file my_file-v5.cif (mmCIF, C-alpha atoms)
data_model
#
loop_
_atom_site.label_atom_id
_atom_site.label_comp_id
_atom_site.auth_asym_id
_atom_site.auth_seq_id
_atom_site.Cartn_x
_atom_site.Cartn_y
_atom_site.Cartn_z
CA MET A 1 23.60 16.60 32.31
CA LYS A 2 25.70 14.43 29.99
CA GLU A 3 22.75 12.02 29.54
CA LYS A 4 20.47 14.91 28.55
CA GLY A 5 22.98 16.06 25.91
CA ILE A 6 23.23 12.56 24.45
CA ARG A 7 19.43 12.32 24.38
CA ARG A 8 19.20 15.64 22.48
CA ILE A 9 21.79 14.52 19.94
CA ALA A 10 19.98 11.19 19.44
CA ALA A 11 16.62 12.97 19.04
CA ALA A 12 18.09 15.42 16.51
CA ALA A 13 19.63 12.57 14.52
CA CYS A 14 16.32 10.68 14.51
CA ALA A 15 14.44 13.80 13.44
CA ILE A 16 16.83 14.18 10.50
CA VAL A 17 16.39 10.52 9.56
CA CYS A 18 12.62 10.90 9.85
CA THR A 19 12.64 14.02 7.67
CA ILE A 20 14.76 12.32 5.02
CA GLY A 21 12.79 9.08 5.24
CA CYS A 22 9.42 10.81 5.15
CA VAL A 23 10.17 12.81 1.98
CA ALA A 24 8.82 9.96 -0.14
CA TRP A 25 5.48 9.99 1.67
CA PRO A 26 2.66 11.88 0.00
CA ALA A 27 2.14 15.43 1.16
CA PRO A 28 -0.74 15.79 3.64
CA ALA A 29 -4.04 16.85 2.12
CA THR A 30 -5.26 18.88 5.09
CA ALA A 31 -3.88 20.98 7.90
CA ALA A 32 -5.16 18.38 10.36
CA SER A 33 -2.68 15.84 8.93
CA ALA A 34 0.12 17.72 10.67
CA SER A 35 -0.95 16.20 14.01
CA GLY A 36 0.71 12.85 13.22
CA GLY A 37 3.96 14.64 12.42
CA ILE A 38 3.79 16.68 15.62
CA ALA A 39 3.16 13.54 17.69
CA LEU A 40 5.98 11.68 15.96
CA ARG A 41 8.47 14.51 16.57
CA ALA A 42 7.43 14.65 20.24
CA ALA A 43 8.06 10.89 20.58
CA LEU A 44 11.43 11.16 18.80
CA GLU A 45 12.50 13.86 21.25
CA MET A 46 12.08 11.28 24.03
CA ILE A 47 14.58 8.77 22.59
CA GLY A 48 16.89 7.68 25.39
CA VAL A 49 14.34 8.22 28.19
CA PRO A 50 14.06 5.10 30.40
CA TYR A 51 11.10 2.74 30.32
CA SER A 52 9.00 3.03 33.47
CA TRP A 53 6.05 0.69 33.90
CA GLY A 54 2.98 2.92 34.33
CA GLY A 55 5.13 6.01 33.80
CA GLY A 56 4.64 9.17 31.81
CA GLY A 57 1.63 10.82 30.28
CA VAL A 58 0.42 14.14 28.90
CA HIS A 59 3.03 16.13 30.85
CA GLY A 60 6.03 14.00 29.85
CA PRO A 61 8.13 11.43 31.69
CA GLY A 62 6.93 10.48 35.16
CA TYR A 63 7.44 7.93 37.88
CA GLY A 64 5.55 4.74 37.22
CA ILE A 65 3.95 2.20 39.50
CA GLY A 66 5.07 -1.22 40.70
CA ARG A 67 8.28 -2.04 38.82
CA GLY A 68 8.39 1.54 37.52
CA ALA A 69 7.99 3.31 40.86
CA ARG A 70 11.67 4.28 41.10
CA THR A 71 12.20 5.18 37.46
CA LYS A 72 11.18 8.42 35.79
CA GLY A 73 10.25 7.70 32.21
CA PHE A 74 7.52 6.27 29.99
CA ASP A 75 5.77 3.03 29.37
CA CYS A 76 4.49 2.47 25.84
CA SER A 77 1.05 4.01 26.32
CA GLY A 78 2.47 6.91 28.35
CA LEU A 79 4.78 7.81 25.46
CA ALA A 80 1.91 7.64 22.95
CA GLU A 81 -0.33 9.72 25.22
CA TYR A 82 2.40 12.35 25.65
CA ALA A 83 3.14 12.52 21.92
CA TYR A 84 -0.49 13.04 20.91
CA ALA A 85 -1.08 15.49 23.77
CA ARG A 86 1.68 17.61 22.22
CA ALA A 87 -0.38 17.53 19.02
CA GLY A 88 -3.50 18.56 20.98
CA ILE A 89 -5.27 15.21 20.63
CA PRO A 90 -6.36 13.25 23.72
CA ILE A 91 -6.06 9.49 23.12
CA GLY A 92 -6.42 8.06 26.63
CA THR A 93 -3.92 6.56 29.03
CA THR A 94 -4.01 2.82 28.29
CA THR A 95 -3.42 0.79 25.14
CA THR A 96 -7.08 -0.29 25.25
CA GLU A 97 -8.30 3.33 25.28
CA GLN A 98 -5.78 4.28 22.60
CA TRP A 99 -6.83 1.34 20.40
CA ARG A 100 -10.31 2.93 20.37
CA SER A 101 -9.07 6.53 19.93
CA GLY A 102 -9.41 6.86 16.18
CA VAL A 103 -9.90 5.17 12.87
CA ARG A 104 -8.35 1.78 12.10
CA VAL A 105 -6.42 1.82 8.85
CA PRO A 106 -4.91 -0.98 6.75
CA GLU A 107 -1.16 -1.46 7.17
CA ASP A 108 -0.54 -0.47 3.54
CA LEU A 109 -2.06 2.99 4.25
CA LEU A 110 0.04 3.59 7.38
CA GLU A 111 1.37 7.15 7.74
CA PRO A 112 4.12 8.54 9.99
CA GLY A 113 2.68 9.13 13.45
CA ASP A 114 -0.01 6.45 13.22
CA LEU A 115 -0.31 4.28 16.31
CA VAL A 116 0.73 0.64 15.81
CA PHE A 117 -0.61 -1.92 18.26
CA TYR A 118 0.63 -5.36 19.27
CA ASP A 119 -1.12 -8.22 21.03
CA ASN A 120 1.57 -10.39 22.59
CA ASP A 121 -0.82 -12.21 24.94
CA ARG A 122 -3.71 -13.72 22.98
CA LYS A 123 -5.29 -15.01 26.21
CA ARG A 124 -6.04 -11.42 27.30
CA PRO A 125 -8.22 -9.41 24.91
CA GLY A 126 -6.84 -6.18 23.48
CA PRO A 127 -3.44 -4.77 22.72
CA GLU A 128 -0.57 -4.91 25.22
CA HIS A 129 1.83 -2.63 23.36
CA VAL A 130 1.76 0.53 21.24
CA GLY A 131 4.30 2.54 19.26
CA LEU A 132 4.25 5.44 16.79
CA ALA A 133 5.06 4.61 13.17
CA LEU A 134 8.17 6.38 11.90
CA ASP A 135 7.69 5.04 8.39
CA GLY A 136 6.46 1.82 6.83
CA GLU A 137 9.21 -0.20 8.49
CA ARG A 138 10.05 1.40 11.85
CA MET A 139 8.42 2.72 15.00
CA VAL A 140 9.47 4.74 18.04
CA HIS A 141 8.33 3.18 21.32
CA ALA A 142 9.08 2.46 24.96
CA PRO A 143 9.71 -1.30 24.67
CA TYR A 144 10.08 -2.86 28.15
CA THR A 145 11.52 -2.54 31.66
CA GLY A 146 15.26 -1.92 31.52
CA ALA A 147 15.17 -0.46 28.00
CA LEU A 148 15.10 3.12 26.72
CA VAL A 149 12.68 4.79 24.31
CA ARG A 150 14.06 3.83 20.90
CA ILE A 151 13.40 3.02 17.25
CA ASP A 152 12.72 -0.62 16.33
CA PRO A 153 11.27 -2.54 13.38
CA LEU A 154 7.53 -2.26 12.95
CA ASP A 155 7.08 -5.75 11.51
CA ARG A 156 6.52 -8.23 14.32
CA PRO A 157 4.37 -11.38 14.34
CA ASP A 158 2.11 -9.96 17.08
CA LEU A 159 1.05 -6.85 15.12
CA LEU A 160 -2.65 -6.28 15.88
CA GLY A 161 -3.39 -3.20 13.79
CA VAL A 162 -2.96 0.49 13.05
CA VAL A 163 -5.00 3.41 14.40
CA ARG A 164 -5.02 6.98 13.14
CA PRO A 165 -6.10 9.12 16.13
CA ASP A 166 -7.75 11.90 14.16
CA ARG A 167 -10.01 11.62 11.14
CA GLY A 168 -8.42 14.66 9.48
CA ARG A 169 -5.39 12.58 8.49
CA GLY A 170 -6.71 10.76 5.46
CA ASP A 171 -10.31 10.08 6.50
CA VAL A 172 -9.90 6.35 6.03
CA GLU A 173 -12.96 4.37 7.08
CA LEU A 174 -13.12 0.58 7.14
#

call {"tool": "encode", "arguments": {"input": "my_file-v5.cif", "output": "structure tokens"}}
result
Amino acid sequence: MKEKGIRRIAAAACAIVCTIGCVAWPAPATAASASGGIALRAALEMIGVPYSWGGGGVHGPGYGIGRGARTKGFDCSGLAEYAYARAGIPIGTTTTEQWRSGVRVPEDLLEPGDLVFYDNDRKRPGPEHVGLALDGERMVHAPYTGALVRIDPLDRPDLLGVVRPDRGRGDVEL
């Protein structure tokens, strides 16, 4: 019970930071642009939930597989899937499916809630990690086994690209 209270306080604090930090962002042009904000808030509410390899999905934290079989939580793609499910947008269950779930946008046009992908194993094609952009410098994500869902810097050398899951949020085409 104490852990749940701490998680709620952390999520509330992050939501306040996000609200303050996002004030400088341009106002959305369409009602559909709200989906990124909904997904981001859903992910922020999960701060403090344990990482569980293969865990989580549209219904929230869940027991994973392999190394995650005894831990109820999220892996990176499970957190992203849950967040966008809360916004009513199916994006798939794996980073590969999620990488193909919307429109790729340049980093300089990144908006809160956009999916940011990382390729930390260049020998295997496709992204191995995903997070949700909080702003132009931070993301919320489930980082690795033994860690909790948290906010970390967005800028990493293995950044692969940015995807906006629904075309209503800016209609950026490359």

call {"tool": "resolve_selection", "arguments": {"input": "my_file-v5.cif", "expression": "the PyMOL selection byres ((chain A and resi 81) around 9)", "output": "list in words"}}
result
Gly56, Gly57, Val58, Gly60, Cys76, Ser77, Gly78, Leu79, Ala80, Tyr82, Ala83, Tyr84, Ala85, Arg86, Ile89, Pro90, Ile91, Gly92, Thr93, Thr94 and Gln98 of chain A

call {"tool": "atom_distance", "arguments": {"input": "my_file-v5.cif", "atom1": "atom CA of A:Pro112", "atom2": "atom CA of A:Ala133"}}
result
5.1 Å

call {"tool": "residues_around", "arguments": {"input": "my_file-v5.cif", "residues": "A:Tyr51", "least_positions_apart": "2", "cutoff": "12 Å", "atoms": "only C-alpha atoms", "output": "PDB file with C-alpha atoms, in the frame of the given file"}}
result
ATOM      1  CA  MET A  46      12.080  11.280  24.030  1.00  0.00           C
ATOM      2  CA  ILE A  47      14.580   8.770  22.590  1.00  0.00           C
ATOM      3  CA  GLY A  48      16.890   7.680  25.390  1.00  0.00           C
ATOM      4  CA  VAL A  49      14.340   8.220  28.190  1.00  0.00           C
ATOM      5  CA  TRP A  53       6.050   0.690  33.900  1.00  0.00           C
ATOM      6  CA  GLY A  54       2.980   2.920  34.330  1.00  0.00           C
ATOM      7  CA  GLY A  55       5.130   6.010  33.800  1.00  0.00           C
ATOM      8  CA  GLY A  56       4.640   9.170  31.810  1.00  0.00           C
ATOM      9  CA  PRO A  61       8.130  11.430  31.690  1.00  0.00           C
ATOM     10  CA  GLY A  62       6.930  10.480  35.160  1.00  0.00           C
ATOM     11  CA  TYR A  63       7.440   7.930  37.880  1.00  0.00           C
ATOM     12  CA  GLY A  64       5.550   4.740  37.220  1.00  0.00           C
ATOM     13  CA  ILE A  65       3.950   2.200  39.500  1.00  0.00           C
ATOM     14  CA  ARG A  67       8.280  -2.040  38.820  1.00  0.00           C
ATOM     15  CA  GLY A  68       8.390   1.540  37.520  1.00  0.00           C
ATOM     16  CA  ALA A  69       7.990   3.310  40.860  1.00  0.00           C
ATOM     17  CA  ARG A  70      11.670   4.280  41.100  1.00  0.00           C
ATOM     18  CA  THR A  71      12.200   5.180  37.460  1.00  0.00           C
ATOM     19  CA  LYS A  72      11.180   8.420  35.790  1.00  0.00           C
ATOM     20  CA  GLY A  73      10.250   7.700  32.210  1.00  0.00           C
ATOM     21  CA  PHE A  74       7.520   6.270  29.990  1.00  0.00           C
ATOM     22  CA  ASP A  75       5.770   3.030  29.370  1.00  0.00           C
ATOM     23  CA  CYS A  76       4.490   2.470  25.840  1.00  0.00           C
ATOM     24  CA  SER A  77       1.050   4.010  26.320  1.00  0.00           C
ATOM     25  CA  GLY A  78       2.470   6.910  28.350  1.00  0.00           C
ATOM     26  CA  LEU A  79       4.780   7.810  25.460  1.00  0.00           C
ATOM     27  CA  HIS A 141       8.330   3.180  21.320  1.00  0.00           C
ATOM     28  CA  ALA A 142       9.080   2.460  24.960  1.00  0.00           C
ATOM     29  CA  PRO A 143       9.710  -1.300  24.670  1.00  0.00           C
ATOM     30  CA  TYR A 144      10.080  -2.860  28.150  1.00  0.00           C
ATOM     31  CA  THR A 145      11.520  -2.540  31.660  1.00  0.00           C
ATOM     32  CA  GLY A 146      15.260  -1.920  31.520  1.00  0.00           C
ATOM     33  CA  ALA A 147      15.170  -0.460  28.000  1.00  0.00           C
ATOM     34  CA  LEU A 148      15.100   3.120  26.720  1.00  0.00           C
ATOM     35  CA  VAL A 149      12.680   4.790  24.310  1.00  0.00           C
ATOM     36  CA  ARG A 150      14.060   3.830  20.900  1.00  0.00           C
TER      37      ARG A 150
END

call {"tool": "residues_near_point", "arguments": {"input": "my_file-v5.cif", "point": "(7.7, -5.4, 16.1)", "cutoff": "10 Å", "atoms": "all atoms listed in the file", "output": "ChimeraX atom specification"}}
result
/A:116-118,129-131,137-139,143,152-159

call {"tool": "atom_distance", "arguments": {"input": "my_file-v5.cif", "atom1": "atom CA of A:Ala43", "atom2": "atom CA of A:Asp135"}}
result
13.5 Å

call {"tool": "atom_distance", "arguments": {"input": "my_file-v5.cif", "atom1": "atom CA of A:Arg124", "atom2": "atom CA of A:Glu97"}}
result
15.1 Å

call {"tool": "build_atoms", "arguments": {"input": "my_file-v5.cif", "residues": "stretch 55-70 of chain A", "atoms": "N, CA and C atoms", "output": "mmCIF file, in the frame of the given file"}}
result
data_model
loop_
_atom_site.group_PDB
_atom_site.id
_atom_site.type_symbol
_atom_site.label_atom_id
_atom_site.label_comp_id
_atom_site.auth_asym_id
_atom_site.auth_seq_id
_atom_site.Cartn_x
_atom_site.Cartn_y
_atom_site.Cartn_z
ATOM 1 N N GLY A 55 4.573 4.662 33.739
ATOM 2 C CA GLY A 55 5.130 6.010 33.800
ATOM 3 C C GLY A 55 4.779 6.887 32.613
ATOM 4 N N GLY A 56 4.846 8.177 32.852
ATOM 5 C CA GLY A 56 4.640 9.170 31.810
ATOM 6 C C GLY A 56 3.191 9.418 31.480
ATOM 7 N N GLY A 57 2.984 10.445 30.679
ATOM 8 C CA GLY A 57 1.630 10.820 30.280
ATOM 9 C C GLY A 57 1.654 12.165 29.598
ATOM 10 N N VAL A 58 0.557 12.877 29.656
ATOM 11 C CA VAL A 58 0.420 14.140 28.900
ATOM 12 C C VAL A 58 1.487 15.168 29.240
ATOM 13 N N HIS A 59 2.044 15.125 30.440
ATOM 14 C CA HIS A 59 3.030 16.130 30.850
ATOM 15 C C HIS A 59 4.471 15.682 30.634
ATOM 16 N N GLY A 60 4.672 14.486 30.110
ATOM 17 C CA GLY A 60 6.030 14.000 29.850
ATOM 18 C C GLY A 60 6.388 12.836 30.744
ATOM 19 N N PRO A 61 7.691 12.568 30.866
ATOM 20 C CA PRO A 61 8.130 11.430 31.690
ATOM 21 C C PRO A 61 7.658 11.590 33.134
ATOM 22 N N GLY A 62 7.367 10.465 33.765
ATOM 23 C CA GLY A 62 6.930 10.480 35.160
ATOM 24 C C GLY A 62 7.267 9.168 35.822
ATOM 25 N N TYR A 63 7.192 9.160 37.138
ATOM 26 C CA TYR A 63 7.440 7.930 37.880
ATOM 27 C C TYR A 63 6.263 6.994 37.673
ATOM 28 N N GLY A 64 6.580 5.730 37.462
ATOM 29 C CA GLY A 64 5.550 4.740 37.220
ATOM 30 C C GLY A 64 5.029 4.130 38.505
ATOM 31 N N ILE A 65 4.497 2.943 38.370
ATOM 32 C CA ILE A 65 3.950 2.200 39.500
ATOM 33 C C ILE A 65 4.608 0.820 39.523
ATOM 34 N N GLY A 66 4.495 0.128 40.619
ATOM 35 C CA GLY A 66 5.070 -1.220 40.700
ATOM 36 C C GLY A 66 6.539 -1.203 40.330
ATOM 37 N N ARG A 67 6.884 -1.963 39.292
ATOM 38 C CA ARG A 67 8.280 -2.040 38.820
ATOM 39 C C ARG A 67 8.824 -0.703 38.352
ATOM 40 N N GLY A 68 7.949 0.246 38.016
ATOM 41 C CA GLY A 68 8.390 1.540 37.520
ATOM 42 C C GLY A 68 8.409 2.641 38.558
ATOM 43 N N ALA A 69 8.145 2.302 39.817
ATOM 44 C CA ALA A 69 7.990 3.310 40.860
ATOM 45 C C ALA A 69 9.258 4.126 41.121
ATOM 46 N N ARG A 70 10.408 3.572 40.832
ATOM 47 C CA ARG A 70 11.670 4.280 41.100
ATOM 48 C C ARG A 70 12.325 4.838 39.843
#
